[in-house]
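*Asks:* Dropping in model_18.tsv, which is TSV, C-alpha atoms:
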chain	number	residue	atom	x	y	z
A	2	MET	CA	98.09	70.65	107.19
A	3	ALA	CA	97.34	71.91	110.67
A	4	THR	CA	93.93	71.05	112.08
A	5	HIS	CA	94.08	73.28	115.12
A	6	THR	CA	95.23	76.77	115.96
A	7	SER	CA	97.28	78.00	118.89
A	8	PRO	CA	95.83	79.86	121.86
A	9	ALA	CA	96.60	83.50	122.55
A	10	SER	CA	99.96	84.37	124.08
A	11	PRO	CA	100.87	87.44	126.16
A	12	ASN	CA	104.15	87.86	124.19
A	13	ARG	CA	102.54	88.19	120.81
A	14	PRO	CA	101.17	91.48	119.46
A	15	GLU	CA	97.42	91.73	119.17
A	16	LEU	CA	95.34	92.77	116.20
A	17	GLU	CA	91.64	93.46	116.42
A	18	ALA	CA	89.29	92.68	113.59
A	19	GLU	CA	85.60	92.64	112.87
A	20	THR	CA	83.69	90.21	110.72
A	21	ARG	CA	82.55	91.57	107.40
A	22	ALA	CA	79.26	90.47	105.90
A	23	ALA	CA	79.23	92.60	102.75
A	24	GLU	CA	81.56	91.44	100.01
A	25	GLY	CA	82.53	92.71	96.58
A	26	LYS	CA	84.29	95.84	95.36
A	27	GLY	CA	81.49	98.25	96.24
A	28	ALA	CA	81.44	97.18	99.87
A	29	ALA	CA	85.26	97.10	99.98
A	30	ARG	CA	85.49	100.66	98.70
A	31	LYS	CA	82.90	101.80	101.24
A	32	LEU	CA	84.97	100.14	103.96
A	33	ARG	CA	88.14	101.88	102.79
A	34	ARG	CA	86.37	105.24	102.80
A	35	ALA	CA	85.49	104.55	106.44
A	36	GLY	CA	89.20	104.13	107.23
A	37	MET	CA	89.26	100.32	107.41
A	38	ILE	CA	90.51	97.71	104.95
A	39	PRO	CA	89.05	94.35	103.94
A	40	ALA	CA	90.95	91.26	105.04
A	41	THR	CA	90.54	87.51	104.96
A	42	LEU	CA	91.60	84.84	107.42
A	43	TYR	CA	92.04	81.24	106.34
A	44	GLY	CA	93.97	78.07	107.05
A	45	ALA	CA	94.14	75.38	109.73
A	46	GLY	CA	91.31	73.43	108.12
A	47	LYS	CA	88.73	75.99	109.17
A	48	ALA	CA	86.36	77.97	107.01
A	49	PRO	CA	87.72	81.25	105.64
A	50	LEU	CA	86.54	84.41	107.35
A	51	SER	CA	85.97	87.83	105.77
A	52	LEU	CA	87.19	90.56	108.11
A	53	SER	CA	87.76	94.27	108.32
A	54	LEU	CA	90.88	95.72	109.95
A	55	ASN	CA	92.50	98.98	110.84
A	56	PRO	CA	95.30	99.46	108.24
A	57	LYS	CA	97.52	101.23	110.77
A	58	SER	CA	97.75	98.12	112.93
A	59	VAL	CA	98.67	96.01	109.89
A	60	SER	CA	101.24	98.57	108.81
A	61	ARG	CA	102.75	98.48	112.30
A	62	VAL	CA	103.17	94.71	111.95
A	63	LEU	CA	104.69	95.01	108.48
A	64	HIS	CA	107.16	97.67	109.65
A	65	SER	CA	108.18	95.75	112.78
A	66	ASP	CA	111.55	93.98	113.05
A	67	THR	CA	110.05	90.63	112.10
A	68	GLY	CA	108.03	92.21	109.27
A	69	HIS	CA	105.46	90.08	107.51
A	70	ASN	CA	106.66	86.98	109.38
A	71	THR	CA	105.34	88.36	112.69
A	72	ILE	CA	102.98	86.00	114.44
A	73	PHE	CA	100.20	87.89	116.19
A	74	ASP	CA	96.96	87.14	118.00
A	75	LEU	CA	94.03	88.06	115.85
A	76	LYS	CA	90.99	88.88	117.95
A	77	VAL	CA	87.83	88.76	115.92
A	78	ALA	CA	85.07	90.74	117.66
A	79	GLY	CA	82.54	88.28	119.00
A	80	GLY	CA	84.40	85.34	117.53
A	81	GLU	CA	87.62	83.38	117.60
A	82	THR	CA	91.08	84.44	118.74
A	83	ALA	CA	93.80	82.81	116.69
A	84	ALA	CA	97.53	83.03	116.18
A	85	ALA	CA	97.94	84.31	112.65
A	86	MET	CA	100.41	85.83	110.27
A	87	ILE	CA	100.21	87.98	107.15
A	88	VAL	CA	100.53	85.96	103.98
A	89	ASP	CA	99.90	88.59	101.34
A	90	TRP	CA	98.96	92.24	101.10
A	91	GLN	CA	97.99	94.64	98.35
A	92	LEU	CA	99.17	98.22	98.05
A	93	GLU	CA	97.77	101.15	96.13
A	94	PRO	CA	100.26	101.78	93.27
A	95	VAL	CA	100.89	105.52	93.70
A	96	HIS	CA	101.01	106.24	97.42
A	97	GLY	CA	101.35	102.69	98.74
A	98	ALA	CA	98.29	102.66	100.99
A	99	LEU	CA	97.18	99.21	102.14
A	100	LEU	CA	94.18	97.88	100.23
A	101	HIS	CA	93.74	94.28	101.37
A	102	VAL	CA	95.40	91.74	103.65
A	103	ASP	CA	95.46	87.95	103.55
A	104	MET	CA	96.10	86.25	106.89
A	105	LYS	CA	96.67	82.62	107.77
A	106	ARG	CA	95.90	80.80	111.00
A	107	ILE	CA	99.11	79.36	112.43
A	108	ALA	CA	99.59	76.17	114.42
A	109	LEU	CA	102.71	76.66	116.53
A	110	ASP	CA	103.64	72.96	116.45
A	111	VAL	CA	103.50	72.58	112.67
A	112	ARG	CA	106.39	73.53	110.38
A	113	LEU	CA	105.59	76.21	107.85
A	114	ARG	CA	107.25	77.85	104.89
A	115	VAL	CA	108.13	81.52	105.17
A	116	ARG	CA	110.17	84.02	103.19
A	117	VAL	CA	112.89	85.54	105.35
A	118	PRO	CA	114.74	88.74	104.31
A	119	VAL	CA	118.50	88.69	103.71
A	120	VAL	CA	120.78	91.23	105.37
A	121	THR	CA	124.39	91.72	104.29
A	122	GLN	CA	127.21	92.19	106.77
A	123	GLY	CA	130.52	93.93	106.12
A	124	GLU	CA	131.88	95.82	103.16
A	125	PRO	CA	133.13	93.61	100.34
A	126	VAL	CA	136.78	93.78	99.29
A	127	GLY	CA	135.59	94.40	95.74
A	128	VAL	CA	133.77	97.53	96.85
A	129	LYS	CA	136.39	98.80	99.28
A	130	THR	CA	139.51	98.40	97.15
A	131	GLN	CA	138.46	97.52	93.60
A	132	GLY	CA	135.68	100.04	93.10
A	133	GLY	CA	132.90	97.55	92.41
A	134	ILE	CA	129.26	97.60	93.51
A	135	LEU	CA	127.61	95.08	95.79
A	136	GLU	CA	124.37	93.96	94.22
A	137	LEU	CA	121.81	92.10	96.31
A	138	VAL	CA	120.17	89.73	93.86
A	139	THR	CA	117.99	87.67	96.21
A	140	ARG	CA	116.35	89.70	98.93
A	141	GLU	CA	114.24	86.94	100.51
A	142	ILE	CA	114.87	83.23	101.00
A	143	GLU	CA	112.15	80.67	101.55
A	144	ILE	CA	112.76	78.41	104.52
A	145	GLU	CA	110.77	75.80	106.41
A	146	CYS	CA	110.71	75.84	110.20
A	147	LEU	CA	108.48	75.93	113.25
A	148	PRO	CA	106.68	79.26	113.77
A	149	GLY	CA	108.67	79.89	116.95
A	150	ASP	CA	111.98	79.51	115.11
A	151	ILE	CA	111.38	82.00	112.30
A	152	PRO	CA	114.48	84.23	112.20
A	153	GLU	CA	114.13	87.99	111.89
A	154	HIS	CA	116.55	87.92	108.97
A	155	LEU	CA	119.38	85.83	107.54
A	156	THR	CA	122.79	87.47	107.77
A	157	VAL	CA	125.22	87.06	104.91
A	158	ASP	CA	128.86	88.02	105.44
A	159	VAL	CA	129.98	89.55	102.15
A	160	SER	CA	133.25	91.09	103.34
A	161	ASN	CA	135.38	88.55	101.40
A	162	LEU	CA	133.74	89.10	98.05
A	163	SER	CA	135.87	90.68	95.36
A	164	ILE	CA	134.80	91.73	91.86
A	165	GLY	CA	133.15	88.89	89.97
A	166	GLN	CA	132.59	86.76	93.06
A	167	ASN	CA	129.20	85.85	94.43
A	168	PHE	CA	127.56	84.35	97.50
A	169	ARG	CA	125.09	81.55	96.88
A	170	ILE	CA	122.29	80.26	99.09
A	171	GLY	CA	124.13	76.93	99.46
A	172	GLU	CA	126.98	78.74	101.26
A	173	LEU	CA	124.66	79.90	104.04
A	174	LYS	CA	125.26	78.22	107.38
A	175	LEU	CA	121.92	77.82	109.11
A	176	GLU	CA	120.82	75.99	112.21
A	177	ASP	CA	119.48	72.47	111.70
A	178	ARG	CA	115.95	73.48	112.57
A	179	LEU	CA	115.84	75.80	109.54
A	180	GLN	CA	115.49	74.07	106.18
A	181	ILE	CA	116.14	76.03	102.99
A	182	ILE	CA	113.51	75.61	100.29
A	183	THR	CA	114.81	78.07	97.67
A	184	ASP	CA	117.25	76.66	95.09
A	185	THR	CA	120.67	76.49	96.77
A	186	GLU	CA	122.46	77.49	93.55
A	187	ARG	CA	120.75	80.85	93.49
A	188	VAL	CA	123.02	83.86	93.98
A	189	ILE	CA	122.25	86.04	97.02
A	190	ALA	CA	124.74	88.81	96.35
A	191	HIS	CA	127.59	89.55	93.99
A	192	VAL	CA	130.10	92.30	93.39
A	193	VAL	CA	129.99	93.75	89.92
A	194	ALA	CA	132.39	96.12	88.20
A	195	VAL	CA	131.10	99.55	87.27
A	196	LYS	CA	130.84	99.94	83.54
A	197	GLU	CA	132.74	102.93	82.22
A	198	VAL	CA	130.29	105.00	80.24
A	199	VAL	CA	132.07	106.47	77.25
A	200	GLU	CA	129.83	109.18	75.93
A	201	ALA	CA	129.89	109.17	72.14
A	202	PRO	CA	129.41	112.47	70.34
A	203	ALA	CA	125.77	113.14	69.51
A	204	ALA	CA	126.38	113.25	65.75
A	205	ALA	CA	128.11	109.85	65.74
A	206	GLU	CA	125.33	108.37	67.86
A	207	ALA	CA	122.66	109.66	65.52
A	208	ALA	CA	124.48	108.20	62.52
A	209	ALA	CA	124.85	104.80	64.20
A	210	ALA	CA	121.21	104.52	65.20
A	211	PRO	CA	118.87	103.08	62.57
A	212	ALA	CA	116.12	105.44	61.52
A	213	GLU	CA	113.29	102.93	61.79
A	214	PRO	CA	112.97	99.38	63.13
A	215	GLU	CA	112.29	96.41	60.91
A	216	VAL	CA	108.61	95.72	60.30
A	217	ILE	CA	107.55	92.09	60.80
A	218	ARG	CA	105.73	91.00	57.66
A	219	LYS	CA	103.20	88.21	57.32
A	220	GLY	CA	103.51	85.54	54.62
A	221	LYS	CA	106.47	84.28	52.57
A	222	ALA	CA	105.95	86.43	49.51
A	223	GLU	CA	106.25	89.60	51.51
A	224	GLU	CA	109.14	88.26	53.60
A	225	ALA	CA	111.27	87.96	50.49
A	226	GLU	CA	111.28	91.69	49.89
A	227	PRO	CA	110.78	93.51	53.18
A	228	GLU	CA	113.09	96.35	52.23
A	229	ALA	CA	111.32	96.98	49.00
A	230	ALA	CA	107.99	96.99	50.80
A	231	GLU	CA	109.33	99.42	53.38
A	232	ALA	CA	110.79	101.69	50.77
A	233	LYS	CA	107.46	101.94	48.98
A	234	PRO	CA	105.61	104.23	51.39
A	235	GLU	CA	108.56	106.61	51.53
A	236	ALA	CA	108.78	106.74	47.78
A	237	LYS	CA	105.04	107.34	47.66
A	238	ALA	CA	105.31	110.17	50.16
A	239	GLU	CA	108.08	111.78	48.15
A	240	GLY	CA	105.99	111.50	45.04
A	241	LYS	CA	103.13	113.23	46.79
A	242	LYS	CA	105.39	116.07	47.89
A	243	GLU	CA	106.60	116.60	44.36
A	244	LYS	CA	103.04	116.83	43.14
A	245	LYS	CA	102.43	119.75	45.47
B	7	MET	CA	118.14	106.37	71.90
B	8	LEU	CA	115.95	103.45	72.94
B	9	MET	CA	113.64	101.97	70.30
B	10	PRO	CA	112.34	98.50	69.36
B	11	LYS	CA	114.37	96.32	67.00
B	12	LYS	CA	111.32	94.96	65.21
B	13	VAL	CA	107.72	96.13	65.09
B	14	LYS	CA	104.58	94.64	63.66
B	15	PHE	CA	103.20	97.96	62.48
B	16	ARG	CA	105.05	101.21	61.76
B	17	LYS	CA	102.34	103.52	63.09
B	18	GLN	CA	99.95	103.36	66.02
B	19	GLN	CA	96.90	105.24	67.18
B	20	ARG	CA	97.32	107.40	70.25
B	21	GLY	CA	95.09	105.46	72.66
B	22	ARG	CA	93.84	106.41	76.12
B	23	ARG	CA	95.30	105.88	79.55
B	24	ALA	CA	92.83	104.89	82.22
B	25	GLY	CA	93.53	103.61	85.72
B	26	LYS	CA	96.75	103.06	87.57
B	27	ALA	CA	99.89	101.03	86.92
B	28	TRP	CA	99.11	97.85	88.82
B	29	THR	CA	102.18	96.18	87.41
B	30	GLY	CA	105.63	97.72	87.57
B	31	SER	CA	104.64	99.85	90.54
B	32	GLN	CA	106.90	98.27	93.18
B	33	LEU	CA	110.70	98.35	93.46
B	34	ALA	CA	112.10	95.17	91.93
B	35	PHE	CA	115.86	95.68	91.63
B	36	GLY	CA	117.25	98.62	93.56
B	37	ASP	CA	116.71	100.30	96.90
B	38	TYR	CA	115.48	103.61	95.52
B	39	GLY	CA	113.25	104.55	92.64
B	40	LEU	CA	111.41	107.27	90.77
B	41	LYS	CA	107.68	106.78	90.38
B	42	VAL	CA	105.29	108.78	88.21
B	43	SER	CA	102.14	110.10	89.85
B	44	GLU	CA	100.25	110.98	86.67
B	45	CYS	CA	99.72	109.34	83.33
B	46	GLY	CA	101.29	110.31	80.05
B	47	TRP	CA	103.99	109.61	77.53
B	48	ILE	CA	107.71	109.56	78.26
B	49	THR	CA	109.79	110.04	75.14
B	50	ASP	CA	112.98	108.21	74.27
B	51	ARG	CA	114.89	111.50	74.57
B	52	GLN	CA	113.53	112.12	78.07
B	53	ILE	CA	114.51	108.60	79.19
B	54	GLU	CA	118.01	109.07	77.79
B	55	ALA	CA	118.40	112.55	79.29
B	56	SER	CA	117.28	111.29	82.72
B	57	ARG	CA	119.62	108.32	82.53
B	58	VAL	CA	122.57	110.52	81.58
B	59	ALA	CA	121.76	113.00	84.37
B	60	MET	CA	121.68	110.22	86.96
B	61	THR	CA	124.80	108.49	85.65
B	62	ARG	CA	126.78	111.74	85.62
B	63	PHE	CA	125.71	112.59	89.15
B	64	VAL	CA	126.51	109.23	90.74
B	65	LYS	CA	129.71	108.95	88.65
B	66	ARG	CA	131.31	105.58	89.39
B	67	GLY	CA	129.09	104.53	92.25
B	68	GLY	CA	125.70	102.91	92.02
B	69	LYS	CA	123.78	100.88	89.51
B	70	ILE	CA	120.79	102.20	87.58
B	71	TRP	CA	117.87	100.31	86.10
B	72	VAL	CA	115.49	101.79	83.52
B	73	ARG	CA	112.08	100.16	84.02
B	74	VAL	CA	110.27	101.65	81.02
B	75	PHE	CA	110.83	101.11	77.31
B	76	PRO	CA	109.61	103.41	74.54
B	77	ASP	CA	107.73	100.96	72.30
B	78	LYS	CA	105.04	103.26	70.92
B	79	PRO	CA	105.78	105.15	67.69
B	80	VAL	CA	104.67	108.77	67.44
B	81	THR	CA	104.22	110.24	64.00
B	82	LYS	CA	104.61	113.82	62.91
B	83	LYS	CA	103.70	115.71	59.80
B	84	PRO	CA	106.42	117.87	58.25
B	85	ALA	CA	106.34	121.60	58.89
B	86	GLU	CA	104.24	123.78	56.58
B	87	THR	CA	102.22	120.84	55.26
B	88	ARG	CA	98.52	121.04	54.53
B	89	MET	CA	96.23	118.77	56.49
B	90	GLY	CA	95.18	115.45	55.01
B	91	LYS	CA	97.22	113.26	52.66
B	92	GLY	CA	97.48	110.55	55.30
B	93	LYS	CA	99.23	110.07	58.62
B	94	GLY	CA	102.70	111.55	59.07
B	95	ALA	CA	105.97	109.66	59.22
B	96	PRO	CA	107.22	108.05	62.48
B	97	ASP	CA	109.12	110.72	64.38
B	98	HIS	CA	110.06	109.35	67.79
B	99	TRP	CA	109.20	106.67	70.35
B	100	VAL	CA	107.40	106.96	73.67
B	101	ALA	CA	106.70	104.81	76.71
B	102	VAL	CA	103.10	104.97	77.91
B	103	VAL	CA	102.98	105.30	81.69
B	104	LYS	CA	100.17	105.33	84.21
B	105	PRO	CA	100.23	106.67	87.80
B	106	GLY	CA	102.38	104.51	90.04
B	107	ARG	CA	104.78	103.25	87.38
B	108	ILE	CA	108.42	103.01	88.48
B	109	LEU	CA	110.65	104.64	85.87
B	110	PHE	CA	114.15	104.22	87.29
B	111	GLU	CA	115.73	102.28	90.13
B	112	MET	CA	119.09	102.75	91.80
B	113	GLU	CA	121.30	100.76	94.15
B	114	GLY	CA	124.75	101.09	95.70
B	115	VAL	CA	124.55	104.76	96.71
B	116	PRO	CA	123.48	106.50	99.94
B	117	ARG	CA	119.90	107.70	100.17
B	118	ALA	CA	120.75	111.41	99.86
B	119	GLN	CA	122.76	110.81	96.70
B	120	ALA	CA	120.02	108.68	95.17
B	121	GLN	CA	117.44	111.32	96.02
B	122	GLU	CA	119.47	114.07	94.36
B	123	ALA	CA	120.12	111.91	91.27
B	124	MET	CA	116.40	111.17	90.98
B	125	ARG	CA	115.61	114.88	91.40
B	126	LEU	CA	117.89	115.70	88.47
B	127	ALA	CA	116.29	112.91	86.43
B	128	ALA	CA	112.79	114.14	87.29
B	129	HIS	CA	113.65	117.57	85.87
B	130	LYS	CA	114.10	115.96	82.45
B	131	LEU	CA	110.56	114.58	82.48
B	132	SER	CA	107.24	116.20	81.73
B	133	LEU	CA	105.30	114.29	84.39
B	134	ARG	CA	105.09	114.66	88.16
B	135	THR	CA	107.15	112.09	90.01
B	136	LEU	CA	107.76	110.73	93.51
B	137	PHE	CA	110.94	109.42	95.08
B	138	VAL	CA	110.41	105.99	96.62
B	139	SER	CA	112.61	103.77	98.75
B	140	ARG	CA	112.45	100.15	99.79
B	141	GLU	CA	112.23	100.79	103.53
B	142	GLU	CA	109.19	103.03	103.10
B	143	SER	CA	107.33	100.79	100.69
B	144	ALA	CA	107.21	97.67	102.90
B	145	GLY	CA	103.61	98.34	103.82
B	146	GLY	CA	102.17	101.79	103.57
B	147	VAL	CA	99.61	103.40	105.82
B	148	ALA	CA	96.19	103.96	104.32
Translate the structure of the given file into structure tokens.

*Replies:*
Amino acid sequence: MATHTSPASPNRPELEAETRAAEGKGAARKLRRAGMIPATLYGAGKAPLSLSLNPKSVSRVLHSDTGHNTIFDLKVAGGETAAAMIVDWQLEPVHGALLHVDMKRIALDVRLRVRVPVVTQGEPVGVKTQGGILELVTREIEIECLPGDIPEHLTVDVSNLSIGQNFRIGELKLEDRLQIITDTERVIAHVVAVKEVVEAPAAAEAAAAPAEPEVIRKGKAEEAEPEAAEAKPEAKAEGKKEKK
Amino acid sequence: MLMPKKVKFRKQQRGRRAGKAWTGSQLAFGDYGLKVSECGWITDRQIEASRVAMTRFVKRGGKIWVRVFPDKPVTKKPAETRMGKGKGAPDHWVAVVKPGRILFEMEGVPRAQAQEAMRLAAHKLSLRTLFVSREESAGGVA
């Protein structure tokens, strides 16, 4: 674990934050109404700090080429300036507005684990000539490296893949300074055949489908005759109809 | 039509839908998706109609994921029946959705094609929906 943070650098983007005294959901909602979002900064053996940030600046970082792995200088008003990166963020489910951000102080001389996005290169043979679909199964790979060595993305050449073939993490050729943490047997991308959808006539489909699912019964006595038990209510209902 | 294989109880009460869909609200499989912006029930027929509309439009290209499952039974009384005499018989199945829930995802097609397929699918539904894509949902602006 790092015990110190790195000083500010002119090459890194800057984010400004203010310390936040009020905590809890009421205060957080008030902050969001004022156009800011709550955030927290932790790591490097220092005490965690509750902050408030402008969501637009965070969004700019998340949409940058390096995405959430961007290392930036966090300037806390009237406090510390530390190299930090976004660890986690919460989005509003419907419109995707930022709700909260977790940031971590980064020591530039200590190796850290990050999730790097995967980008495919080329059009697979299976897609070009065999009519398959390239499916990206693993979109991010966890690696361990120094903060200065974090790649923007990992490129996977899929042009040789035909239908049924896949590309695994173990096949990636990375520089020595990057160590893969994710299971090397995991598939990154594969080419799958498109299933022919034979549309059955509606009448046949309706006949094939069971009317009602099986009801899970409790106890052995009832288990022995689930059909009889199920048939009962129907019979009862019919009886009632006849009465009318 | 989609329905559960086994159930614990044949009939359910209607229930209420409060809040937003905090789970199942982000794209998990494909690059594009259809998200609901209001709460309600989506019937098994609507899911099937949407799926068929999308599949027919994209033809042999693209892969589609259905992210909702109709696991709630809805009962109905027969026509011209007097009230009372107990709850009706199970009629169809619905998926309960809250605002933000992703219904369908798609991959392997260009954006314009996915958008049109999702538009056709949305016309089969009774709820308002939004088209979402992976590049836009990386980190929204408040």

*Asks:* Where does stretch 74-128 of chain A meet stretch 27-49 of chain B within 12 Å, residue by residue, with the nearest atom pair and distance in Å to one decimal for each, counting all atoms listed in the file, listed by chain and rising number, as CSV?

*Replies:*
residue,atom,partner,partner_atom,distance
A:Gln91,CA,B:Trp28,CA,10.1
A:Leu92,CA,B:Gln32,CA,9.1
A:Glu93,CA,B:Trp28,CA,8.1
A:Pro94,CA,B:Ser31,CA,5.5
A:Val95,CA,B:Ser43,CA,6.1
A:His96,CA,B:Ser43,CA,8.6
A:Gly97,CA,B:Gln32,CA,9.0

*Asks:* Expressed in Å to a single decimal, how great is the separation between atom CA of B:Lys11 and atom CA of B:Arg107?

*Replies:*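 The value is 23.6 Å.
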
*Asks:* Residues of chain A within 7 Å of chain B, counting only C-alpha atoms, what are they? List them as a list in words.

*Replies:* Pro56, Lys57, Ser60, Leu63, His64, Pro94, Val95, Gly97, Ala98, Leu99, Ile134, Leu135, Val195, Pro214, Glu215, Val216 and Ile217 of chain A

*Asks:* Which residues, protein or nucleic acid, reach to within 9 Å of (119.0, 92.0, 91.6) in the file's coordinates when using all atoms listed in the file, and can you give that as a list in words?

*Replies:*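 Using all atoms listed in the file, the matching residues come out as Glu136, Leu137, Val138, Thr139, Arg140, Ile189 and Ala190 of chain A; Ala34, Phe35 and Gly36 of chain B.
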
*Asks:* I'd like the neighbourhood of A:Arg169 as a PyMOL selection string, where a residue qualifies if any of its atoms comes within 6 Å (using only C-alpha atoms), though same-chain residues fewer than 6 positions away should be ignored.

*Replies:* chain A and resi 186-189

*Asks:* To one decimal in Å, tell me the separation between atom CA of A:Asp150 and atom CA of A:Leu75.

*Replies:*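 A separation of 19.9 Å between them.
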
*Asks:* Can you list, as a PyMOL selection string, every protein, DNA or RNA residue that comes within 10 Å of stretch 38-47 of chain A when you count all atoms listed in the file, leaving out same-chain residues fewer than 6 positions away?

*Replies:* (chain A and resi 2-6+18-21+24-26+28-32+53-57+59+75+83+85-88+90+99-108) or (chain B and resi 148)

*Asks:* To one decimal in Å, tell me the separation between atom CA of A:Ser163 and atom CA of A:Val126.

*Replies:*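 Taking atom CA of A:Ser163 and atom CA of A:Val126, their separation equals 5.1 Å.
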
*Asks:* Counting all atoms listed in the file, which residues sit no farther than 6 Å from the position (117.8, 106.5, 89.0) in the file's frame? I'd like them as a list in words.

*Replies:*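 These residues have at least one counted atom within 6 Å: Met60, Ile70, Phe110, Glu111, Met112 and Met124 of chain B.
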
*Asks:* Please determine an axis-aligned box that encloses all atoms of stretch 152-158 of chain A listed in the file, with 6 Å added on each side, and express its centre and edge lengths in Å to one decimal as AutoDock Vina command-line options.

*Replies:*
--center_x 121.5 --center_y 86.1 --center_z 108.6 --size_x 26.7 --size_y 15.8 --size_z 19.3

*Asks:* Using all atoms listed in the file, pick whichever of A:Cys146, A:Arg34, A:Leu16, A:Asp110 has the shortest atom-to-atom distance to A:Thr82.

*Replies:*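 Closest to A:Thr82, using all atoms listed in the file: A:Leu16.
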
*Asks:* Set the distance at 7 Å and use all atoms listed in the file: which residues neighbour A:Arg114 once local chain neighbours fewer than 3 positions away are removed? I'd like the list as a list in words.

*Replies:*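 So, after excluding close chain neighbours, the residues are Glu143, Ile144, Glu145 and Cys146 of chain A.
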
*Asks:* Have stretch 180-195 of chain A completed to N, CA and C atoms, please, and pass it along as a CSV table (one decimal), keeping the file's coordinate frame.

*Replies:*
chain,number,residue,atom,x,y,z
A,180,GLN,N,115.2,74.8,107.4
A,180,GLN,CA,115.5,74.1,106.2
A,180,GLN,C,115.3,75.0,105.0
A,181,ILE,N,116.3,75.1,104.1
A,181,ILE,CA,116.1,76.0,103.0
A,181,ILE,C,115.3,75.4,101.9
A,182,ILE,N,114.4,76.1,101.4
A,182,ILE,CA,113.5,75.6,100.3
A,182,ILE,C,113.9,76.2,98.9
A,183,THR,N,114.4,77.4,98.9
A,183,THR,CA,114.8,78.1,97.7
A,183,THR,C,116.0,77.3,97.1
A,184,ASP,N,116.1,77.3,95.8
A,184,ASP,CA,117.2,76.7,95.1
A,184,ASP,C,118.6,77.1,95.7
A,185,THR,N,119.4,76.1,96.1
A,185,THR,CA,120.7,76.5,96.8
A,185,THR,C,121.7,77.1,95.8
A,186,GLU,N,121.5,76.9,94.5
A,186,GLU,CA,122.5,77.5,93.6
A,186,GLU,C,122.2,79.0,93.3
A,187,ARG,N,121.1,79.5,93.8
A,187,ARG,CA,120.8,80.8,93.5
A,187,ARG,C,121.7,81.8,94.2
A,188,VAL,N,122.1,82.9,93.5
A,188,VAL,CA,123.0,83.9,94.0
A,188,VAL,C,122.3,84.8,94.9
A,189,ILE,N,122.8,85.1,96.1
A,189,ILE,CA,122.2,86.0,97.0
A,189,ILE,C,122.8,87.4,96.7
A,190,ALA,N,124.1,87.5,96.6
A,190,ALA,CA,124.7,88.8,96.4
A,190,ALA,C,126.0,88.6,95.5
A,191,HIS,N,126.3,89.6,94.7
A,191,HIS,CA,127.6,89.6,94.0
A,191,HIS,C,128.2,91.0,93.8
A,192,VAL,N,129.5,91.0,93.6
A,192,VAL,CA,130.1,92.3,93.4
A,192,VAL,C,130.4,92.5,91.9
A,193,VAL,N,129.8,93.5,91.4
A,193,VAL,CA,130.0,93.8,89.9
A,193,VAL,C,130.8,95.0,89.7
A,194,ALA,N,131.6,95.0,88.6
A,194,ALA,CA,132.4,96.1,88.2
A,194,ALA,C,131.5,97.2,87.6
A,195,VAL,N,131.9,98.4,87.9
A,195,VAL,CA,131.1,99.6,87.3
A,195,VAL,C,131.5,99.7,85.8
